[in-house]
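Text of final.cif, listed as mmCIF, C-alpha atoms:
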```cif
data_query
#
loop_
_atom_site.label_atom_id
_atom_site.label_comp_id
_atom_site.auth_asym_id
_atom_site.auth_seq_id
_atom_site.Cartn_x
_atom_site.Cartn_y
_atom_site.Cartn_z
CA MET I 825 137.67 102.90 83.75
CA LEU I 826 137.74 103.15 87.54
CA ALA I 827 139.51 100.41 89.49
CA ASN I 828 137.74 97.09 89.15
CA ASP I 829 137.21 94.71 92.05
CA LYS I 830 135.74 91.34 91.04
CA PRO I 831 132.81 92.66 88.94
CA ASN I 832 131.05 89.28 88.96
CA ARG I 833 130.48 89.23 92.72
CA LEU I 834 129.60 91.71 95.44
CA PRO I 835 132.65 92.92 97.37
CA GLU I 836 132.92 92.61 101.14
CA TRP I 837 131.79 96.19 101.83
CA PHE I 838 128.25 95.41 100.58
CA ARG I 839 126.58 94.32 103.77
CA VAL I 840 122.95 95.00 104.65
CA THR I 841 121.84 94.92 108.29
CA LEU I 842 118.24 93.88 108.85
CA PRO I 843 116.23 95.93 111.36
CA SER I 844 115.43 94.68 114.84
CA GLY I 845 113.63 95.93 117.92
CA ASP I 846 112.23 99.44 117.52
CA SER I 847 113.61 99.62 114.00
CA MET I 848 111.66 96.52 113.02
CA GLU I 849 108.49 98.09 114.39
CA ARG I 850 109.12 101.24 112.37
CA TYR I 851 109.81 99.08 109.31
CA LYS I 852 106.45 97.31 109.76
CA SER I 853 104.68 100.62 110.34
CA THR I 854 106.19 102.13 107.19
CA THR I 855 105.21 99.06 105.18
CA ALA I 856 101.64 99.34 106.46
CA SER I 857 101.43 103.08 105.66
CA VAL I 858 102.58 102.49 102.09
CA LYS I 859 100.19 99.59 101.49
CA ASP I 860 97.18 101.09 103.28
CA ASN I 861 97.37 104.20 101.11
CA GLN I 862 97.97 102.18 97.92
CA LEU I 863 101.18 104.07 97.27
CA HIS I 864 104.27 103.07 95.32
CA THR I 865 107.83 103.60 96.48
CA VAL I 866 111.04 103.74 94.50
CA CYS I 867 112.51 101.76 97.40
CA GLU I 868 110.55 98.71 96.24
CA GLU I 869 110.32 99.31 92.51
CA ALA I 870 114.06 100.01 92.10
CA HIS I 871 115.12 97.17 94.43
CA CYS I 872 117.03 99.58 96.67
CA PRO I 873 119.50 97.84 99.00
CA ASN I 874 118.82 100.42 101.73
CA ILE I 875 115.11 99.69 102.10
CA HIS I 876 115.47 98.02 105.51
CA ASP I 877 117.60 100.86 106.86
CA CYS I 878 115.32 103.64 105.62
CA TRP I 879 112.02 101.95 106.43
CA GLY I 880 113.45 101.02 109.82
CA ARG I 881 113.87 104.76 110.38
CA GLY I 882 110.29 105.41 109.27
CA THR I 883 111.26 107.04 105.97
CA ALA I 884 110.38 106.09 102.41
CA THR I 885 110.77 107.68 99.00
CA PHE I 886 107.34 107.83 97.44
CA MET I 887 106.95 107.34 93.69
CA ILE I 888 104.01 109.13 92.13
CA ALA I 889 102.16 109.13 88.79
CA GLY I 890 102.05 105.33 88.57
CA LYS I 891 104.38 102.38 88.99
CA ALA I 892 105.33 102.04 85.31
CA CYS I 893 107.57 104.41 83.34
CA THR I 894 107.26 105.38 79.68
CA ARG I 895 111.03 104.98 79.28
CA GLY I 896 113.24 101.91 79.28
CA CYS I 897 116.63 102.83 80.71
CA ARG I 898 119.07 99.91 80.85
CA PHE I 899 119.91 100.43 84.53
CA CYS I 900 116.40 100.72 85.98
CA ALA I 901 114.15 98.02 87.45
CA VAL I 902 110.94 100.08 87.20
CA ASP I 903 108.47 98.57 84.71
CA THR I 904 108.18 100.16 81.26
CA ILE I 905 104.93 100.82 79.41
CA ARG I 906 104.22 102.92 76.31
CA ILE I 907 100.89 104.34 77.46
CA PRO I 908 100.32 103.98 81.22
CA PRO I 909 96.99 104.54 82.96
CA SER I 910 96.14 108.13 83.82
CA PRO I 911 97.56 109.34 87.14
CA ASP I 912 95.36 108.53 90.13
CA THR I 913 93.36 111.67 90.96
CA ASP I 914 93.24 110.56 94.61
CA GLU I 915 97.00 110.14 94.83
CA PRO I 916 97.73 113.64 96.20
CA GLN I 917 95.43 113.02 99.17
CA LYS I 918 96.72 109.47 99.73
CA LEU I 919 100.30 110.71 99.67
CA ALA I 920 99.59 113.56 102.06
CA GLU I 921 97.74 111.30 104.50
CA ALA I 922 100.56 108.72 104.49
CA ILE I 923 103.22 111.35 105.19
CA GLN I 924 101.11 112.82 107.98
CA ALA I 925 100.44 109.39 109.53
CA MET I 926 104.15 108.53 109.47
CA GLY I 927 105.02 111.72 111.31
CA LEU I 928 107.74 112.64 108.83
CA THR I 929 109.69 115.88 109.04
CA TYR I 930 111.28 115.44 105.60
CA SER I 931 110.06 113.49 102.59
CA VAL I 932 111.38 112.72 99.12
CA VAL I 933 108.85 112.36 96.32
CA THR I 934 110.06 110.88 93.05
CA VAL I 935 108.24 110.34 89.78
CA VAL I 936 108.06 108.07 86.78
CA ASN I 937 108.55 109.57 83.32
CA ARG I 938 105.19 110.41 81.73
CA ASP I 939 106.09 111.13 78.11
CA ASP I 940 102.47 110.30 77.26
CA LEU I 941 101.25 113.48 78.97
CA GLU I 942 101.51 116.91 77.37
CA ASP I 943 103.23 118.44 80.40
CA GLY I 944 105.22 115.33 81.26
CA GLY I 945 103.14 114.90 84.42
CA ALA I 946 104.18 118.25 85.92
CA SER I 947 100.66 119.31 86.92
CA HIS I 948 100.07 116.03 88.77
CA TYR I 949 103.41 116.31 90.53
CA ARG I 950 102.51 119.82 91.64
CA ARG I 951 99.12 118.74 92.99
CA CYS I 952 100.83 116.09 95.10
CA LEU I 953 103.30 118.58 96.55
CA ASP I 954 100.61 121.14 97.29
CA GLU I 955 98.39 118.60 99.05
CA VAL I 956 101.23 117.39 101.27
CA HIS I 957 102.08 120.99 102.17
CA GLN I 958 98.43 121.77 102.86
CA ILE I 959 98.10 118.92 105.37
CA SER I 960 101.65 118.97 106.78
CA PRO I 961 103.12 122.45 106.17
CA LYS I 962 106.21 121.79 108.31
CA VAL I 963 107.35 118.76 106.30
CA GLY I 964 110.42 119.49 104.18
CA LEU I 965 109.80 118.33 100.61
CA GLU I 966 112.29 117.17 98.01
CA LEU I 967 111.13 116.38 94.49
CA LEU I 968 113.20 113.95 92.43
CA CYS I 969 111.79 114.93 89.06
CA SER I 970 111.94 113.62 85.49
CA ASP I 971 113.40 115.77 82.71
CA LEU I 972 109.82 116.58 81.57
CA SER I 973 111.03 115.91 78.01
CA GLY I 974 112.78 119.26 78.15
CA ASN I 975 109.47 121.14 78.53
CA LEU I 976 110.63 124.32 80.27
CA LYS I 977 107.13 125.81 80.37
CA ALA I 978 105.92 122.78 82.32
CA LEU I 979 108.94 123.09 84.62
CA GLU I 980 108.11 126.72 85.31
CA ALA I 981 104.50 125.86 86.18
CA LEU I 982 105.71 123.06 88.45
CA LEU I 983 108.20 125.20 90.36
CA GLU I 984 106.43 128.55 90.66
CA GLU I 985 105.91 129.02 94.43
CA ALA I 986 106.12 125.24 94.91
CA PRO I 987 106.65 124.23 98.57
CA LEU I 988 110.07 122.67 98.00
CA LYS I 989 113.41 122.60 99.79
CA VAL I 990 115.18 120.62 97.05
CA PHE I 991 114.59 120.06 93.35
CA ALA I 992 116.48 116.98 92.21
CA HIS I 993 117.02 115.44 88.81
CA ASN I 994 119.54 112.68 88.19
CA VAL I 995 121.95 112.67 85.27
CA GLU I 996 122.53 109.01 86.34
CA THR I 997 125.85 108.56 84.49
CA VAL I 998 128.50 110.50 82.61
CA ALA I 999 127.88 112.09 79.21
CA ARG I 1000 129.87 109.50 77.26
CA LEU I 1001 127.87 106.56 78.63
CA THR I 1002 124.43 108.18 78.59
CA PRO I 1003 123.39 106.83 75.14
CA ARG I 1004 124.01 103.22 76.16
CA VAL I 1005 122.74 103.47 79.75
CA ARG I 1006 119.63 105.67 79.53
CA ASP I 1007 116.60 105.69 77.24
CA PRO I 1008 117.28 107.52 73.93
CA ARG I 1009 114.84 110.24 75.00
CA ALA I 1010 117.00 111.04 78.03
CA THR I 1011 120.13 112.98 77.10
CA PHE I 1012 122.85 114.32 79.36
CA GLU I 1013 122.40 117.78 77.86
CA GLN I 1014 118.65 117.79 78.49
CA SER I 1015 119.17 116.81 82.12
CA ILE I 1016 121.70 119.60 82.60
CA LEU I 1017 119.26 122.05 80.99
CA ILE I 1018 116.47 121.09 83.41
CA LEU I 1019 118.75 121.49 86.42
CA LYS I 1020 120.10 124.82 85.17
CA LYS I 1021 116.63 126.21 84.45
CA ALA I 1022 115.28 124.99 87.80
CA LYS I 1023 117.96 126.98 89.61
CA GLU I 1024 117.23 130.05 87.50
CA LEU I 1025 113.51 129.78 88.25
CA ARG I 1026 113.96 129.09 91.95
CA PRO I 1027 117.34 130.31 93.21
CA ASP I 1028 115.97 130.01 96.76
CA ILE I 1029 115.86 126.19 96.70
CA MET I 1030 118.72 123.71 96.44
CA THR I 1031 119.22 121.61 93.34
CA LYS I 1032 120.61 118.09 93.40
CA SER I 1033 121.78 115.32 91.08
CA SER I 1034 123.15 111.79 91.32
CA ILE I 1035 125.66 109.66 89.44
CA MET I 1036 126.05 105.87 89.55
CA LEU I 1037 129.55 104.43 89.45
CA GLY I 1038 130.56 101.08 88.00
CA LEU I 1039 129.11 101.47 84.51
CA GLY I 1040 132.45 101.86 82.75
CA GLU I 1041 133.15 105.53 83.46
CA THR I 1042 136.62 106.95 83.98
CA GLU I 1043 137.65 109.52 86.55
CA GLU I 1044 138.09 112.01 83.70
CA ASP I 1045 134.48 111.34 82.65
CA LEU I 1046 133.31 112.02 86.18
CA VAL I 1047 135.25 115.25 86.53
CA GLU I 1048 133.69 116.49 83.28
CA ALA I 1049 130.23 115.57 84.62
CA PHE I 1050 130.97 117.42 87.86
CA LYS I 1051 131.98 120.48 85.85
CA ALA I 1052 128.75 120.39 83.82
CA LEU I 1053 126.66 120.10 87.00
CA ARG I 1054 128.47 122.97 88.67
CA LYS I 1055 128.07 125.09 85.55
CA ALA I 1056 124.33 124.52 86.02
CA ASN I 1057 124.75 125.67 89.65
CA VAL I 1058 123.77 122.30 91.14
CA ASP I 1059 124.24 122.41 94.92
CA LEU I 1060 124.10 118.79 96.08
CA LEU I 1061 125.61 115.62 94.63
CA THR I 1062 125.34 111.94 95.47
CA LEU I 1063 127.63 109.19 94.19
CA GLY I 1064 126.78 105.52 94.60
CA GLN I 1065 127.50 102.06 93.20
CA TYR I 1066 125.42 100.75 90.31
CA LEU I 1067 123.93 97.30 90.88
CA ALA I 1068 122.27 95.54 87.93
CA PRO I 1069 118.64 94.71 88.81
CA GLY I 1070 118.91 91.39 86.93
CA PRO I 1071 119.82 89.72 83.61
CA GLY I 1072 119.29 91.88 80.55
CA PHE I 1073 120.22 95.14 82.26
CA HIS I 1074 123.47 97.02 81.77
CA PRO I 1075 126.21 94.93 83.39
CA VAL I 1076 128.23 96.07 86.37
CA VAL I 1077 131.65 96.88 84.92
CA SER I 1078 133.46 97.65 88.17
CA PHE I 1079 133.14 98.04 91.93
CA PRO I 1080 135.15 101.13 92.86
CA LYS I 1081 136.51 100.85 96.40
CA PRO I 1082 135.21 103.04 99.26
CA GLU I 1083 138.39 105.11 99.17
CA THR I 1084 137.66 105.94 95.52
CA PHE I 1085 134.26 107.30 96.54
CA ASP I 1086 135.95 109.36 99.26
CA ARG I 1087 138.48 110.82 96.81
CA LEU I 1088 135.78 111.71 94.28
CA ALA I 1089 133.73 113.41 96.99
CA HIS I 1090 136.65 115.64 97.90
CA ILE I 1091 137.26 116.45 94.22
CA ALA I 1092 133.60 117.45 93.88
CA LYS I 1093 133.75 119.55 97.04
CA GLU I 1094 136.74 121.46 95.68
CA MET I 1095 134.65 122.23 92.60
CA GLY I 1096 131.99 124.01 94.67
CA PHE I 1097 129.21 121.58 95.58
CA LYS I 1098 127.70 122.51 98.94
CA ALA I 1099 127.51 118.89 100.10
CA ILE I 1100 128.23 115.46 98.64
CA ALA I 1101 127.10 112.03 99.83
CA SER I 1102 129.44 109.44 98.39
CA GLY I 1103 129.81 105.72 98.99
CA PRO I 1104 128.95 102.31 97.53
CA MET I 1105 125.58 102.10 99.30
CA VAL I 1106 124.55 105.72 98.70
CA ARG I 1107 121.44 106.28 96.59
CA SER I 1108 120.04 109.61 95.40
CA SER I 1109 117.40 109.80 98.14
CA TYR I 1110 119.27 108.03 100.93
CA ARG I 1111 119.09 110.13 104.13
CA ALA I 1112 118.36 113.12 101.96
CA GLU I 1113 117.60 115.36 104.93
CA SER I 1114 121.16 114.83 106.22
CA LEU I 1115 122.65 116.10 102.98
CA VAL I 1116 120.52 119.24 103.15
CA ALA I 1117 121.53 119.79 106.78
CA ALA I 1118 125.21 119.35 105.89
CA ALA I 1119 124.91 121.90 103.10
CA LYS I 1120 123.56 124.37 105.65
CA GLY I 1121 126.41 123.67 108.05
CA GLU I 1122 124.19 121.91 110.56
CA LYS I 1123 125.19 118.90 112.64
CA ILE I 1124 124.22 115.63 110.92
CA GLU I 1125 123.75 112.04 111.99
CA THR I 1126 126.69 109.68 111.75
CA GLY I 1127 126.90 106.70 109.41
CA LEU I 1128 126.75 108.62 106.12
CA MET I 1129 129.82 109.74 104.22
CA VAL I 1130 129.12 113.41 103.59
CA VAL I 1131 131.59 116.07 102.51
CA ALA I 1132 130.33 119.56 103.24
#
```

Before we go any further, please render this structure as structure tokens.
Amino acid sequence: MLANDKPNRLPEWFRVTLPSGDSMERYKSTTASVKDNQLHTVCEEAHCPNIHDCWGRGTATFMIAGKACTRGCRFCAVDTIRIPPSPDTDEPQKLAEAIQAMGLTYSVVTVVNRDDLEDGGASHYRRCLDEVHQISPKVGLELLCSDLSGNLKALEALLEEAPLKVFAHNVETVARLTPRVRDPRATFEQSILILKKAKELRPDIMTKSSIMLGLGETEEDLVEAFKALRKANVDLLTLGQYLAPGPGFHPVVSFPKPETFDRLAHIAKEMGFKAIASGPMVRSSYRAESLVAAAKGEKIETGLMVVA
């Protein structure tokens, strides 16, 4: 297990700065855009600690295909339901209009698992991406996708000529802990398969995954996970601290120190990832455009630990 630092309380490096001035105005504007278009965000549903920072910058990670997931992972705050309502047929237009109104240059779209649908929701996800591209063709799009229940045919239909810069799918934790952390339908091997196949189908776009620390993993576990991701030709990696959404969820086992995140990022870089965002407050979609820029060798904003 990685070094533990008072697992029953938040360490001193967890500090959230509330927006003010222009940032507060952008925060209010983002809030209004989300609500006016009746959209859901993973920022809200997953209780993300960076919501004030991101929304203060005018960015949000939109969550499509409903606000309830068909799976019940032990780390996730998103509601679980066996048979959710059908996806909103107006959602692609609402999403596109919100992104246009916010004046975004880069947007992350994430999804809930839709095991109730034959294609895992892939056709709805694709309609959303196409509509955004139709209205705002210059917006860079990143899809944080489900594993589609391992349906490779659905994945192919989703990705064929899709207007994407990044296809992301999170393994969430190391292989050893996956059975106790994620829903039984989500396996480490299936996630690796989806990432590997996505790269084979679309070698022109970057692939990305994320791992939470503090669930009881060891450094050896993490290195093995890094190897599996690189074997699948994953380009981008994010490492962040797991925070339990509340009682009844998987407990926080440890709070690795910032220097541990730095060391792991350099280990991952040596293994061939193009760029890694690593730190206690990092989340899979946090300042996603900066990670893409770093992977391309472009100058990036400060304030984000990125190894490129």

*Best match for closeness to Ala1010 in chain I among I:Gly974, I:Pro1069, I:Gly1040, I:Gly945, counting all atoms listed in the file*: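 Distance minimum relative to Ala1010 in chain I lands on I:Gly974.
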
_Contacts of Val1005 in chain I at 9 Å (all atoms listed in the file; same-chain gap of 5+ positions) as a ChimeraX atom specification_ = /I:897-899,996-997,1039,1074

_Selected residue, from I:Leu919, I:Ala1052, I:Val1106, I:Ala1022, that lies nearest to Val995 in chain I when counting all atoms listed in the file_ = I:Ala1052

*Tell me which residues the PyMOL selection byres ((chain I and resi 1025) around 8) grabs here, as a ChimeraX atom specification.*
/I:980,983-984,1021-1024,1026-1027

*Give me the residues within 6 Å of range 887-895 of chain I as a list of chain:residue names, counting all atoms listed in the file and dropping any in the same chain fewer than 4 places off.*
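Those residues are I:His864, I:Thr865, I:Val866, I:Asp903, I:Thr904, I:Ile905, I:Arg906, I:Pro911, I:Val933, I:Thr934, I:Val935, I:Val936, I:Asn937, I:Arg938, I:Asp1007.
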
*Quick one: pull the distance between CA of Val1116 in chain I and CA of Leu988 in chain I, Å, one decimal.*
12.1 Å
